[in-house]
Every structure is written in structure tokens, then in C-alpha cells.
file input38.pdb (PDB, C-alpha atoms)
ATOM      1  CA  MET T   9     -26.356  15.738  -9.420
ATOM      2  CA  LYS T  10     -26.976  17.797  -6.305
ATOM      3  CA  ASP T  11     -27.295  14.640  -4.197
ATOM      4  CA  LEU T  12     -23.984  13.345  -5.560
ATOM      5  CA  ILE T  13     -22.233  16.601  -4.675
ATOM      6  CA  ASN T  14     -23.764  16.613  -1.185
ATOM      7  CA  ASN T  15     -22.532  13.053  -0.617
ATOM      8  CA  LEU T  16     -19.059  13.996  -1.847
ATOM      9  CA  ASP T  17     -19.016  16.983   0.470
ATOM     10  CA  ALA T  18     -20.010  14.870   3.476
ATOM     11  CA  ALA T  19     -17.430  12.201   2.657
ATOM     12  CA  TYR T  20     -14.682  14.804   2.264
ATOM     13  CA  LYS T  21     -15.515  16.400   5.611
ATOM     14  CA  ARG T  22     -15.191  12.990   7.321
ATOM     15  CA  ARG T  23     -11.585  12.908   6.115
ATOM     16  CA  ALA T  24     -10.782  16.407   7.426
ATOM     17  CA  PRO T  25      -8.304  15.127  10.091
ATOM     18  CA  LEU T  26      -6.068  13.856   7.286
ATOM     19  CA  LEU T  27      -5.687  17.198   5.532
ATOM     20  CA  GLY T  28      -2.769  18.273   7.710
ATOM     21  CA  VAL T  29      -1.049  14.907   7.336
ATOM     22  CA  THR T  30      -1.187  14.096   3.647
ATOM     23  CA  GLU T  31      -2.243  15.190   0.180
ATOM     24  CA  ALA T  32      -3.277  11.641  -0.736
ATOM     25  CA  PHE T  33      -6.258   9.834   0.750
ATOM     26  CA  ARG T  34      -9.499   8.058  -0.115
ATOM     27  CA  ILE T  35     -12.515  10.371  -0.272
ATOM     28  CA  VAL T  36     -15.125   7.729  -1.085
ATOM     29  CA  ASN T  37     -14.988   4.085   0.004
ATOM     30  CA  GLY T  38     -18.094   2.609  -1.520
ATOM     31  CA  ALA T  39     -21.535   2.186   0.024
ATOM     32  CA  PRO T  40     -20.687   3.574   3.525
ATOM     33  CA  ASP T  41     -20.049   6.928   1.830
ATOM     34  CA  GLY T  42     -23.188   6.710  -0.300
ATOM     35  CA  PHE T  43     -21.457   5.453  -3.461
ATOM     36  CA  PRO T  44     -22.003   1.676  -3.752
ATOM     37  CA  GLY T  45     -19.452  -0.118  -5.901
ATOM     38  CA  MET T  46     -17.246   2.968  -6.281
ATOM     39  CA  THR T  47     -14.147   4.515  -4.739
ATOM     40  CA  LEU T  48     -12.656   7.984  -5.194
ATOM     41  CA  ASP T  49      -9.017   8.644  -4.322
ATOM     42  CA  LYS T  50      -7.282  12.013  -4.062
ATOM     43  CA  PHE T  51      -3.626  12.367  -5.038
ATOM     44  CA  GLY T  52      -3.019  16.074  -4.589
ATOM     45  CA  ASP T  53      -5.018  17.787  -7.319
ATOM     46  CA  ARG T  54      -5.330  14.539  -9.283
ATOM     47  CA  TYR T  55      -8.205  12.133  -8.654
ATOM     48  CA  GLN T  56      -9.027   8.514  -9.422
ATOM     49  CA  ILE T  57     -12.452   6.853  -9.621
ATOM     50  CA  GLN T  58     -12.656   3.066  -9.536
ATOM     51  CA  PHE T  59     -15.854   1.161 -10.271
ATOM     52  CA  PHE T  60     -16.092  -2.268  -8.605
ATOM     53  CA  GLY T  61     -19.716  -2.799  -9.651
ATOM     54  CA  ASP T  62     -22.308  -1.441 -12.021
ATOM     55  CA  GLU T  63     -24.455   0.364  -9.432
ATOM     56  CA  LEU T  64     -23.012   3.785 -10.311
ATOM     57  CA  LEU T  65     -21.231   2.877 -13.524
ATOM     58  CA  ARG T  66     -24.515   3.503 -15.293
ATOM     59  CA  GLU T  67     -24.345   7.066 -13.924
ATOM     60  CA  LYS T  68     -20.708   7.572 -14.810
ATOM     61  CA  ASN T  69     -21.216  10.912 -16.567
ATOM     62  CA  ALA T  70     -23.149  12.345 -13.621
ATOM     63  CA  VAL T  71     -20.500  11.098 -11.151
ATOM     64  CA  VAL T  72     -17.698  12.639 -13.226
ATOM     65  CA  ALA T  73     -19.583  15.932 -13.434
ATOM     66  CA  ALA T  74     -20.101  15.968  -9.651
ATOM     67  CA  VAL T  75     -16.434  15.227  -8.903
ATOM     68  CA  ALA T  76     -15.319  17.855 -11.407
ATOM     69  CA  GLU T  77     -17.618  20.499  -9.887
ATOM     70  CA  LYS T  78     -16.688  19.687  -6.289
ATOM     71  CA  PHE T  79     -12.903  19.284  -6.629
ATOM     72  CA  ALA T  80     -11.868  20.887  -9.957
ATOM     73  CA  PRO T  81      -9.239  18.186 -10.632
ATOM     74  CA  VAL T  82      -6.218  18.759 -12.847
ATOM     75  CA  CYS T  83      -6.735  15.180 -13.941
ATOM     76  CA  LEU T  84      -9.475  12.625 -13.269
ATOM     77  CA  VAL T  85      -8.940   9.000 -14.286
ATOM     78  CA  ILE T  86     -11.650   6.321 -14.325
ATOM     79  CA  LYS T  87     -10.839   2.620 -13.901
ATOM     80  CA  GLU T  88     -13.396  -0.158 -14.337
ATOM     81  CA  ARG T  89     -12.254  -2.951 -12.026
ATOM     82  CA  LEU T  90     -14.869  -5.518 -13.067
ATOM     83  CA  SER T  91     -15.605  -7.015 -16.474
ATOM     84  CA  ARG T  92     -19.143  -6.965 -17.823
ATOM     85  CA  SER T  93     -19.457 -10.560 -16.582
ATOM     86  CA  GLY T  94     -18.458  -9.495 -13.050
ATOM     87  CA  LYS T  95     -14.886 -10.854 -13.093
ATOM     88  CA  SER T  96     -12.166  -8.841 -11.327
ATOM     89  CA  LEU T  97      -9.766  -7.093 -13.707
ATOM     90  CA  GLU T  98      -6.115  -6.567 -12.748
ATOM     91  CA  ASN T  99      -5.547  -4.627 -15.985
ATOM     92  CA  PRO T 100      -8.665  -2.454 -16.011
ATOM     93  CA  PRO T 101      -9.824  -0.197 -18.817
ATOM     94  CA  MET T 102      -8.713   3.358 -18.024
ATOM     95  CA  GLU T 103     -10.236   6.611 -19.180
ATOM     96  CA  VAL T 104      -9.043  10.173 -18.659
ATOM     97  CA  ALA T 105     -12.304  11.940 -17.896
ATOM     98  CA  VAL T 106     -10.816  15.343 -16.997
ATOM     99  CA  GLY T 107      -7.509  16.758 -18.188
ATOM    100  CA  ARG T 108      -4.952  15.118 -20.477
ATOM    101  CA  ALA T 109      -3.065  11.828 -20.213
ATOM    102  CA  GLU T 110       0.151  13.701 -19.427
ATOM    103  CA  ASP T 111      -1.608  15.352 -16.463
ATOM    104  CA  SER T 112      -1.871  11.976 -14.714
ATOM    105  CA  VAL T 113       1.697  12.286 -13.379
ATOM    106  CA  GLY T 114       2.474  14.282 -10.237
ATOM    107  CA  VAL T 115       3.980  14.412  -6.751
ATOM    108  CA  VAL T 116       2.156  14.149  -3.418
ATOM    109  CA  ARG T 117       3.220  14.806   0.172
ATOM    110  CA  GLU T 118       2.724  12.293   2.968
ATOM    111  CA  GLY T 119       4.023  13.417   6.330
ATOM    112  CA  SER T 120       7.562  14.692   5.684
ATOM    113  CA  ALA T 121       7.948  12.562   2.549
ATOM    114  CA  LYS T 122       7.111  13.131  -1.112
ATOM    115  CA  PHE T 123       6.179  10.501  -3.683
ATOM    116  CA  HIS T 124       5.794  10.289  -7.440
ATOM    117  CA  ILE T 125       2.392   9.102  -8.646
ATOM    118  CA  ASP T 126       0.970   8.211 -12.065
ATOM    119  CA  LEU T 127      -2.760   7.536 -12.283
ATOM    120  CA  LEU T 128      -2.375   5.704 -15.599
ATOM    121  CA  ASP T 129       0.324   3.300 -14.421
ATOM    122  CA  THR T 130      -1.626   0.039 -13.908
ATOM    123  CA  VAL T 131      -4.128  -0.329 -11.040
ATOM    124  CA  ASN T 132      -2.198   1.531  -8.354
ATOM    125  CA  PRO T 133      -0.678   4.963  -8.976
ATOM    126  CA  GLY T 134       2.471   4.221  -6.934
ATOM    127  CA  LEU T 135       1.309   4.682  -3.337
ATOM    128  CA  PHE T 136      -0.970   2.339  -1.387
ATOM    129  CA  LEU T 137      -3.205   4.733   0.534
ATOM    130  CA  ASP T 138      -4.396   2.226   3.128
ATOM    131  CA  MET T 139      -0.854   1.763   4.501
ATOM    132  CA  ARG T 140      -0.277   5.471   5.177
ATOM    133  CA  HIS T 141      -0.738   5.436   8.967
ATOM    134  CA  ILE T 142       1.518   2.387   9.274
ATOM    135  CA  ARG T 143       4.213   3.912   7.037
ATOM    136  CA  LEU T 144       4.206   7.074   9.143
ATOM    137  CA  GLU T 145       4.590   5.107  12.380
ATOM    138  CA  MET T 146       7.355   2.880  11.037
ATOM    139  CA  GLY T 147       9.171   6.023   9.918
ATOM    140  CA  GLU T 148       8.921   7.421  13.432
ATOM    141  CA  ARG T 149      10.321   4.180  14.870
ATOM    142  CA  ALA T 150      13.148   3.876  12.325
ATOM    143  CA  ALA T 151      15.891   5.975  13.940
ATOM    144  CA  ASP T 152      19.252   4.160  13.989
ATOM    145  CA  ARG T 153      17.697   0.903  12.818
ATOM    146  CA  ARG T 154      18.683  -1.353   9.945
ATOM    147  CA  MET T 155      15.460  -1.953   8.019
ATOM    148  CA  LEU T 156      14.396  -4.608   5.522
ATOM    149  CA  ASN T 157      11.460  -3.840   3.200
ATOM    150  CA  LEU T 158      10.216  -6.996   1.442
ATOM    151  CA  PHE T 159       7.903  -6.814  -1.593
ATOM    152  CA  SER T 160       8.912  -3.168  -1.411
ATOM    153  CA  TYR T 161       6.942  -1.846  -4.411
ATOM    154  CA  THR T 162       7.964   1.839  -4.849
ATOM    155  CA  CYS T 163       9.885   1.825  -1.538
ATOM    156  CA  ALA T 164       7.551   4.155   0.390
ATOM    157  CA  PHE T 165       8.264   2.424   3.720
ATOM    158  CA  SER T 166      11.984   2.839   3.131
ATOM    159  CA  VAL T 167      11.665   6.512   2.217
ATOM    160  CA  HIS T 168       9.882   7.149   5.521
ATOM    161  CA  GLY T 169      12.413   4.974   7.312
ATOM    162  CA  ARG T 170      15.451   6.776   5.908
ATOM    163  CA  LEU T 171      13.866  10.184   6.566
ATOM    164  CA  GLY T 172      13.221   8.960  10.107
ATOM    165  CA  GLY T 173      16.905   8.196  10.627
ATOM    166  CA  ALA T 174      17.230   4.542   9.621
ATOM    167  CA  GLU T 175      20.840   3.486   9.152
ATOM    168  CA  ILE T 176      19.873   1.595   5.991
ATOM    169  CA  SER T 177      16.660   0.230   4.465
ATOM    170  CA  THR T 178      17.062  -2.655   2.032
ATOM    171  CA  ASN T 179      14.324  -2.973  -0.611
ATOM    172  CA  ALA T 180      13.552  -6.312  -2.278
ATOM    173  CA  ASP T 181      11.149  -6.563  -5.227
ATOM    174  CA  ILE T 182      10.993  -8.675  -8.376
ATOM    175  CA  SER T 183      10.304  -5.725 -10.686
ATOM    176  CA  ALA T 184      13.186  -3.633 -12.006
ATOM    177  CA  LYS T 185      10.687  -1.009 -13.172
ATOM    178  CA  ILE T 186       9.194  -0.722  -9.693
ATOM    179  CA  LEU T 187      12.610  -0.499  -8.021
ATOM    180  CA  ASP T 188      13.539   2.283 -10.455
ATOM    181  CA  LYS T 189      10.470   4.145  -9.186
ATOM    182  CA  GLY T 190      11.768   3.536  -5.679
ATOM    183  CA  ARG T 191      15.086   5.107  -6.627
ATOM    184  CA  GLU T 192      13.173   8.074  -8.048
ATOM    185  CA  ASN T 193      11.352   8.437  -4.727
ATOM    186  CA  TYR T 194      14.693   8.371  -2.903
ATOM    187  CA  ALA T 195      15.995  11.141  -5.177
ATOM    188  CA  LEU T 196      12.800  13.165  -4.756
ATOM    189  CA  ASN T 197      13.424  13.168  -0.994
ATOM    190  CA  GLY T 198      17.137  13.939  -1.229
ATOM    191  CA  LEU T 199      18.140  10.428  -0.143
ATOM    192  CA  GLU T 200      21.334   8.872  -1.438
ATOM    193  CA  PRO T 201      20.962   5.084  -1.905
ATOM    194  CA  LYS T 202      23.387   3.052   0.175
ATOM    195  CA  GLN T 203      25.182  -0.065  -0.995
ATOM    196  CA  GLY T 204      22.823  -3.025  -1.116
ATOM    197  CA  GLU T 205      19.617  -1.014  -0.586
ATOM    198  CA  PHE T 206      17.991  -2.160  -3.838
ATOM    199  CA  PHE T 207      17.695  -5.877  -4.529
ATOM    200  CA  ARG T 208      15.872  -7.032  -7.643
ATOM    201  CA  GLY T 209      14.564 -10.515  -7.064
ATOM    202  CA  ASN T 210      12.200 -12.784  -5.202
ATOM    203  CA  ALA T 211      11.717 -11.542  -1.632
ATOM    204  CA  VAL T 212      11.641 -15.137  -0.379
ATOM    205  CA  GLU T 213      14.965 -15.858  -2.067
ATOM    206  CA  TYR T 214      16.416 -12.708  -0.528
ATOM    207  CA  VAL T 215      15.436 -13.882   2.954
ATOM    208  CA  HIS T 216      17.081 -17.261   2.407
ATOM    209  CA  TRP T 217      20.208 -15.583   1.026
ATOM    210  CA  ALA T 218      20.318 -13.228   4.025
ATOM    211  CA  GLN T 219      20.054 -16.224   6.357
ATOM    212  CA  LYS T 220      23.091 -17.813   4.721
ATOM    213  CA  LYS T 221      25.025 -14.536   4.981
ATOM    214  CA  ASP T 222      23.913 -14.119   8.623
ATOM    215  CA  LEU T 223      22.547 -10.640   7.885
ATOM    216  CA  LYS T 224      20.608  -9.015  10.705
ATOM    217  CA  PHE T 225      18.052  -6.207  10.817
ATOM    218  CA  ASP T 226      16.358  -4.132  13.508
ATOM    219  CA  ALA T 227      13.071  -3.706  11.639
ATOM    220  CA  ILE T 228      11.331  -5.725   8.928
ATOM    221  CA  VAL T 229       8.331  -4.747   6.806
ATOM    222  CA  LEU T 230       6.549  -7.666   5.128
ATOM    223  CA  ASP T 231       3.585  -6.560   3.014
ATOM    224  CA  PRO T 232       3.220  -9.162   0.242
ATOM    225  CA  PRO T 233       0.677  -9.379  -2.555
ATOM    226  CA  SER T 234      -1.967 -12.066  -2.160
ATOM    227  CA  PHE T 235      -0.427 -13.924  -5.089
ATOM    228  CA  ALA T 236       2.831 -13.569  -7.024
ATOM    229  CA  ARG T 237       4.755 -15.576  -9.612
ATOM    230  CA  PHE T 238       8.514 -15.421 -10.231
ATOM    231  CA  LYS T 239      10.662 -17.727 -12.359
ATOM    232  CA  GLY T 240       7.972 -20.392 -12.377
ATOM    233  CA  LYS T 241       7.478 -20.282  -8.609
ATOM    234  CA  ASN T 242       4.244 -19.152  -6.976
ATOM    235  CA  PHE T 243       3.725 -17.224  -3.738
ATOM    236  CA  ASN T 244       0.316 -17.563  -2.108
ATOM    237  CA  VAL T 245      -0.318 -15.787   1.207
ATOM    238  CA  ARG T 246      -2.636 -18.507   2.494
ATOM    239  CA  GLU T 247       0.075 -21.163   2.254
ATOM    240  CA  HIS T 248       3.375 -19.329   2.270
ATOM    241  CA  LEU T 249       3.070 -16.222   4.441
ATOM    242  CA  MET T 250       3.484 -17.665   7.934
ATOM    243  CA  PRO T 251       6.482 -19.880   7.011
ATOM    244  CA  LEU T 252       8.043 -16.744   5.520
ATOM    245  CA  VAL T 253       7.288 -14.827   8.734
ATOM    246  CA  ALA T 254       9.213 -17.472  10.699
ATOM    247  CA  ASP T 255      12.133 -17.268   8.257
ATOM    248  CA  CYS T 256      12.174 -13.471   8.483
ATOM    249  CA  ALA T 257      12.217 -13.677  12.273
ATOM    250  CA  THR T 258      15.659 -15.316  12.097
ATOM    251  CA  LEU T 259      16.971 -12.059  10.601
ATOM    252  CA  LEU T 260      15.770  -9.881  13.493
ATOM    253  CA  ASN T 261      18.067  -8.547  16.186
ATOM    254  CA  LYS T 262      16.914  -8.530  19.791
ATOM    255  CA  GLY T 263      14.623  -5.543  20.302
ATOM    256  CA  GLY T 264      13.727  -5.588  16.614
ATOM    257  CA  LEU T 265      10.332  -4.730  15.113
ATOM    258  CA  PHE T 266       8.405  -6.827  12.607
ATOM    259  CA  MET T 267       5.391  -5.403  10.737
ATOM    260  CA  VAL T 268       3.392  -8.019   8.828
ATOM    261  CA  SER T 269       0.319  -7.147   6.752
ATOM    262  CA  SER T 270      -1.959  -8.431   4.009
ATOM    263  CA  ASN T 271      -4.918  -7.286   1.906
ATOM    264  CA  TYR T 272      -6.168 -10.842   1.444
ATOM    265  CA  SER T 273      -9.880 -10.594   2.126
ATOM    266  CA  GLU T 274     -10.266 -13.984   3.836
ATOM    267  CA  PHE T 275      -7.823 -13.191   6.651
ATOM    268  CA  ASN T 276      -9.313 -12.388  10.060
ATOM    269  CA  LEU T 277      -7.311  -9.787  12.006
ATOM    270  CA  SER T 278      -7.320 -11.538  15.376
ATOM    271  CA  LYS T 279      -6.343 -14.937  13.929
ATOM    272  CA  PHE T 280      -3.817 -13.355  11.562
ATOM    273  CA  SER T 281      -2.091 -11.575  14.450
ATOM    274  CA  ARG T 282      -2.060 -14.739  16.582
ATOM    275  CA  ASP T 283      -0.561 -16.772  13.748
ATOM    276  CA  ALA T 284       2.069 -14.121  13.023
ATOM    277  CA  LEU T 285       3.037 -13.887  16.699
ATOM    278  CA  ALA T 286       3.313 -17.688  16.944
ATOM    279  CA  ALA T 287       5.565 -17.777  13.864
ATOM    280  CA  VAL T 288       7.871 -15.101  15.294
ATOM    281  CA  ALA T 289       7.787 -16.682  18.772
ATOM    282  CA  SER T 290       9.048 -19.947  17.268
ATOM    283  CA  VAL T 291      12.328 -18.056  16.829
ATOM    284  CA  HIS T 292      12.125 -15.399  19.556
ATOM    285  CA  SER T 293      10.286 -16.751  22.603
ATOM    286  CA  SER T 294       9.963 -13.256  24.099
ATOM    287  CA  ALA T 295       8.091 -11.858  21.055
ATOM    288  CA  LYS T 296       5.076  -9.690  21.868
ATOM    289  CA  THR T 297       2.400  -7.917  19.854
ATOM    290  CA  LEU T 298       2.516  -4.105  20.033
ATOM    291  CA  TRP T 299      -0.629  -3.518  17.988
ATOM    292  CA  ASN T 300      -3.085  -4.884  15.442
ATOM    293  CA  LYS T 301      -4.520  -2.516  12.839
ATOM    294  CA  SER T 302      -6.765  -2.303   9.816
ATOM    295  CA  GLN T 303      -7.260   0.553   7.346
ATOM    296  CA  ASP T 304      -7.253   4.216   8.384
ATOM    297  CA  ILE T 305     -10.236   6.555   8.794
ATOM    298  CA  ASP T 306     -10.551   7.277   5.071
ATOM    299  CA  PHE T 307     -11.470   3.620   4.457
ATOM    300  CA  VAL T 308     -14.915   3.786   6.037
ATOM    301  CA  GLY T 309     -16.474   0.316   6.330
ATOM    302  CA  SER T 310     -13.112  -1.410   6.009
ATOM    303  CA  GLY T 311     -13.370  -5.191   5.979
ATOM    304  CA  HIS T 312     -16.907  -5.374   4.630
ATOM    305  CA  THR T 313     -15.943  -5.735   0.956
ATOM    306  CA  LYS T 314     -13.174  -7.610  -0.845
ATOM    307  CA  ASP T 315     -11.774  -4.389  -2.292
ATOM    308  CA  SER T 316     -11.392  -2.715   1.137
ATOM    309  CA  CYS T 317      -9.604  -4.932   3.633
ATOM    310  CA  LEU T 318      -6.324  -4.938   5.537
ATOM    311  CA  VAL T 319      -4.858  -6.898   8.431
ATOM    312  CA  ALA T 320      -1.622  -5.679   9.989
ATOM    313  CA  THR T 321       0.299  -6.469  13.151
ATOM    314  CA  LEU T 322       3.468  -5.074  14.737
ATOM    315  CA  ILE T 323       5.590  -7.471  16.770
ATOM    316  CA  GLU T 324       8.607  -6.725  18.958
ATOM    317  CA  VAL T 325      11.207  -9.370  19.754
TER     318      VAL T 325
END

call {"tool": "encode", "arguments": {"input": "input38.pdb", "output": "C-alpha cells"}}
result
Amino acid sequence: MKDLINNLDAAYKRRAPLLGVTEAFRIVNGAPDGFPGMTLDKFGDRYQIQFFGDELLREKNAVVAAVAEKFAPVCLVIKERLSRSGKSLENPPMEVAVGRAEDSVGVVREGSAKFHIDLLDTVNPGLFLDMRHIRLEMGERAADRRMLNLFSYTCAFSVHGRLGGAEISTNADISAKILDKGRENYALNGLEPKQGEFFRGNAVEYVHWAQKKDLKFDAIVLDPPSFARFKGKNFNVREHLMPLVADCATLLNKGGLFMVSSNYSEFNLSKFSRDALAAVASVHSSAKTLWNKSQDIDFVGSGHTKDSCLVATLIEV
């Protein structure tokens, strides 16, 4: 177990620059941190282990003991993301290894914002850690802008945007439950929802409705899932993302910002950014790329496995 603790200590020290920024980050990102097929995420004093392979699953008890000794978690949840046959599981078996089930719920700080998390609420506890650095930047750029947050999940981009001085930040998501969590995050940060800020429905349908209403925004965040289904209709990023990017571009005011991202493992960052820029430029000929990014420093080895990948680009029109 000593080797496990030493590896945890080394991995944690590599993330030291994040300690003044956030209470939530990834401590272990698989093999590059000495833990093949495993991730360890910190959400304040609550921790989550995910097994994406059986390399360390066979040593689960030793891994739990090492994490417990090193970090003394209030709660530690284990999620097995692969079936015994090797198939990816979107509804993984969950086990509370330290603490009680009710201890899985808490609040974490990220920059000037706070967010509710629940380690036992499906795969993700309510905050996508690999988007942190992009959320923080979009919040800094939000002052006096009208924002649109598509596939908004728990509205973390909008919380940062409103705290950063956004005039309004409209959230579109198909899940009423998820939007309710977004409202809870607004309340947690002392934000009063404005009229029209929460739209329950298909993000694609919202864009088409906004086009008909001639609604305009100064910043758009488009971070879709790789696949989604709503009212019998499918959304697949390979086929549908770039046409949606072009549609979204019609909603942007001159000088507006457009952040497009995806966790789809087959996307290449340079090609993704070129395609996104071309889609926006079909509407705004002066569009230019401000940056291309992948995951932050806590995702060591990003892009080398299917469970750790991100492509993101920021475009100005």
C-alpha cells in the first residue's frame, strides 16, 4: 500500500497550482499518474474513484485504503464504468466505500462560484471538472454580455457568466431535473433568475426558435453530449454538430464570442477548430479563432484514452 500512497502523493503535488483556484479537481487520471484504468476526483472533502478497466479493480480494497489514509474523505464513492465483458456502462454500479450515502452530497468552490455536487447522482456529480479553466475564462469575459448556454446541464457556465456581470444567460437543456439543479446553483450563488433564463427542451429546437424570434446574443457556449435523444429525434456530434454551429452563429452579435467543445474521442483538435471556424465564417466572414484548448493540468495524458479527451475552441465574430 505504501507504493499506492506514494503515487497518490506525487499526483496530488502535480495539481498544487489548482489548490488556490478550486476545491474540485482530478487527482489521478489513469496510467500517467501510475493508476492504469482508474481515475480519482476530489470534490472538496468528498472523493470519487472510477474504474475504466480491471487493472486496479482487482486491488480495489488496497486502493480504497490508500485513498482513505492519504485524504481522510468524508465520503468516498466507487463507480465501475465497464461491465465484466468490457462494455462501457452509462449507469455504473456505485459503492460508498467510506462514509454514508447521505454524505455524498456537498458544495464545492470554483473560482468565485459555488456548486452543489452529489457523488451518487448518476455518472457525473454535477460539475464537469475538465471544463473548469474554460468556465472561469468565459466568466471573466461575460461582463455586459447576453449569453446563451446550450446543453447547459447544471448551468455552471451561466453561474460564472452571471457572477462575471453577464446581462442574462439563457440555459437550454432537455432535463427538468437538471435545470432544477441549475436553479439551485443560481440560488447558492445569490443569483436571481431572469425571465427566459431557463428553457426546458431540445437545444437544437431552441436555436431554431430563437432564429425565428430574431434573438441575438453576445456569447454562446455549445458543449453537447456525444449522443442525445429527445422526442424520437437523435443528436450525434459527428453528423449534427457543425450544422448546429452554423445555425448558432446566426444568433451572434458582431463582436460576439462562441465557445464550442466536445468530449467525443474521435475528434482531432486542429481539424475540429478548423471545421468550427469554417461553420461560423459561413455566417460571419470576419470570424477568427482566439484559442484552441484541451483538458487542464489535472488531466495528465489528456487525449490518449477515450475517457480523457476534450476539444474546445473559442471564436470571435

call {"tool": "resolve_selection", "arguments": {"input": "input38.pdb", "expression": "the PyMOL selection byres ((chain T and resi 149) around 9)", "output": "MDAnalysis selection string"}}
result
chainID T and resid 144:148 150:153 169 172:174 227 265

call {"tool": "resolve_selection", "arguments": {"input": "input38.pdb", "expression": "the PyMOL selection byres ((chain T and resi 236) around 12)", "output": "ChimeraX atom specification"}}
result
/T:159,181-183,210-212,232-235,237-245,248-249

call {"tool": "residues_around", "arguments": {"input": "input38.pdb", "residues": "His292 of chain T", "least_positions_apart": "6", "cutoff": "9 Å", "atoms": "all atoms listed in the file", "output": "PyMOL selection string"}}
result
chain T and resi 257-258+260+262+325

call {"tool": "resolve_selection", "arguments": {"input": "input38.pdb", "expression": "the PyMOL selection byres ((chain T and resi 284) around 9)", "output": "number ranges by chain"}}
result
T: 249-250, 253-254, 268, 279-283, 285-289, 321, 323

call {"tool": "residues_around", "arguments": {"input": "input38.pdb", "residues": "Glu31 of chain T", "least_positions_apart": "4", "cutoff": "9 Å", "atoms": "only C-alpha atoms", "output": "mmCIF file with C-alpha atoms, in the frame of the given file"}}
result
data_model
loop_
_atom_site.group_PDB
_atom_site.id
_atom_site.type_symbol
_atom_site.label_atom_id
_atom_site.label_comp_id
_atom_site.auth_asym_id
_atom_site.auth_seq_id
_atom_site.Cartn_x
_atom_site.Cartn_y
_atom_site.Cartn_z
ATOM 1 C CA LEU T 26 -6.068 13.856 7.286
ATOM 2 C CA LEU T 27 -5.687 17.198 5.532
ATOM 3 C CA LYS T 50 -7.282 12.013 -4.062
ATOM 4 C CA PHE T 51 -3.626 12.367 -5.038
ATOM 5 C CA GLY T 52 -3.019 16.074 -4.589
ATOM 6 C CA ASP T 53 -5.018 17.787 -7.319
ATOM 7 C CA VAL T 116 2.156 14.149 -3.418
ATOM 8 C CA ARG T 117 3.220 14.806 0.172
ATOM 9 C CA GLU T 118 2.724 12.293 2.968
ATOM 10 C CA GLY T 119 4.023 13.417 6.330
#

call {"tool": "closest_residue", "arguments": {"input": "input38.pdb", "among": "T:Asp138, T:Asp231, T:Glu247, T:Glu205", "to": "Ser316 of chain T", "atoms": "all atoms listed in the file"}}
result
T:Asp138

call {"tool": "atom_distance", "arguments": {"input": "input38.pdb", "atom1": "atom CA of Gly263 of chain T", "atom2": "atom CA of Gly209 of chain T"}}
result
27.8 Å

call {"tool": "closest_residue", "arguments": {"input": "input38.pdb", "among": "T:Ala39, T:Ala105, T:Ile86, T:Ala195", "to": "Asn15 of chain T", "atoms": "only C-alpha atoms"}}
result
T:Ala39

call {"tool": "atom_distance", "arguments": {"input": "input38.pdb", "atom1": "atom CA of Val36 of chain T", "atom2": "atom CA of Val75 of chain T"}}
result
10.9 Å

call {"tool": "closest_atom_pairs", "arguments": {"input": "input38.pdb", "of": "segment 86-187 of chain T", "to": "segment 304-310 of chain T", "cutoff": "8 Å", "atoms": "only C-alpha atoms", "output": "tab-separated table"}}
result
residue	atom	partner	partner_atom	distance
T:Asp138	CA	T:Asp304	CA	6.3
T:Met139	CA	T:Asp304	CA	7.9
T:Arg140	CA	T:Asp304	CA	7.8
T:His141	CA	T:Asp304	CA	6.7

call {"tool": "atom_distance", "arguments": {"input": "input38.pdb", "atom1": "atom CA of Asp188 of chain T", "atom2": "atom CA of Ile228 of chain T"}}
result
21.1 Å

call {"tool": "closest_residue", "arguments": {"input": "input38.pdb", "among": "T:Glu274, T:Glu77, T:Glu103, T:Asp222", "to": "Arg246 of chain T", "atoms": "all atoms listed in the file"}}
result
T:Glu274

call {"tool": "closest_residue", "arguments": {"input": "input38.pdb", "among": "T:Leu12, T:Val71, T:Val115, T:Ala18", "to": "Arg54 of chain T", "atoms": "all atoms listed in the file"}}
result
T:Val115

call {"tool": "residues_near_point", "arguments": {"input": "input38.pdb", "point": "(-10.1, 14.4, -13.5)", "cutoff": "8 Å", "atoms": "only C-alpha atoms", "output": "PyMOL selection string"}}
result
chain T and resi 54-56+72+75-76+80-85+104-107

call {"tool": "residues_around", "arguments": {"input": "input38.pdb", "residues": "segment 125-132 of chain T", "least_positions_apart": "5", "cutoff": "6 Å", "atoms": "only C-alpha atoms", "output": "list in words"}}
result
Ser112, Val113, Gly114 and Val115 of chain T
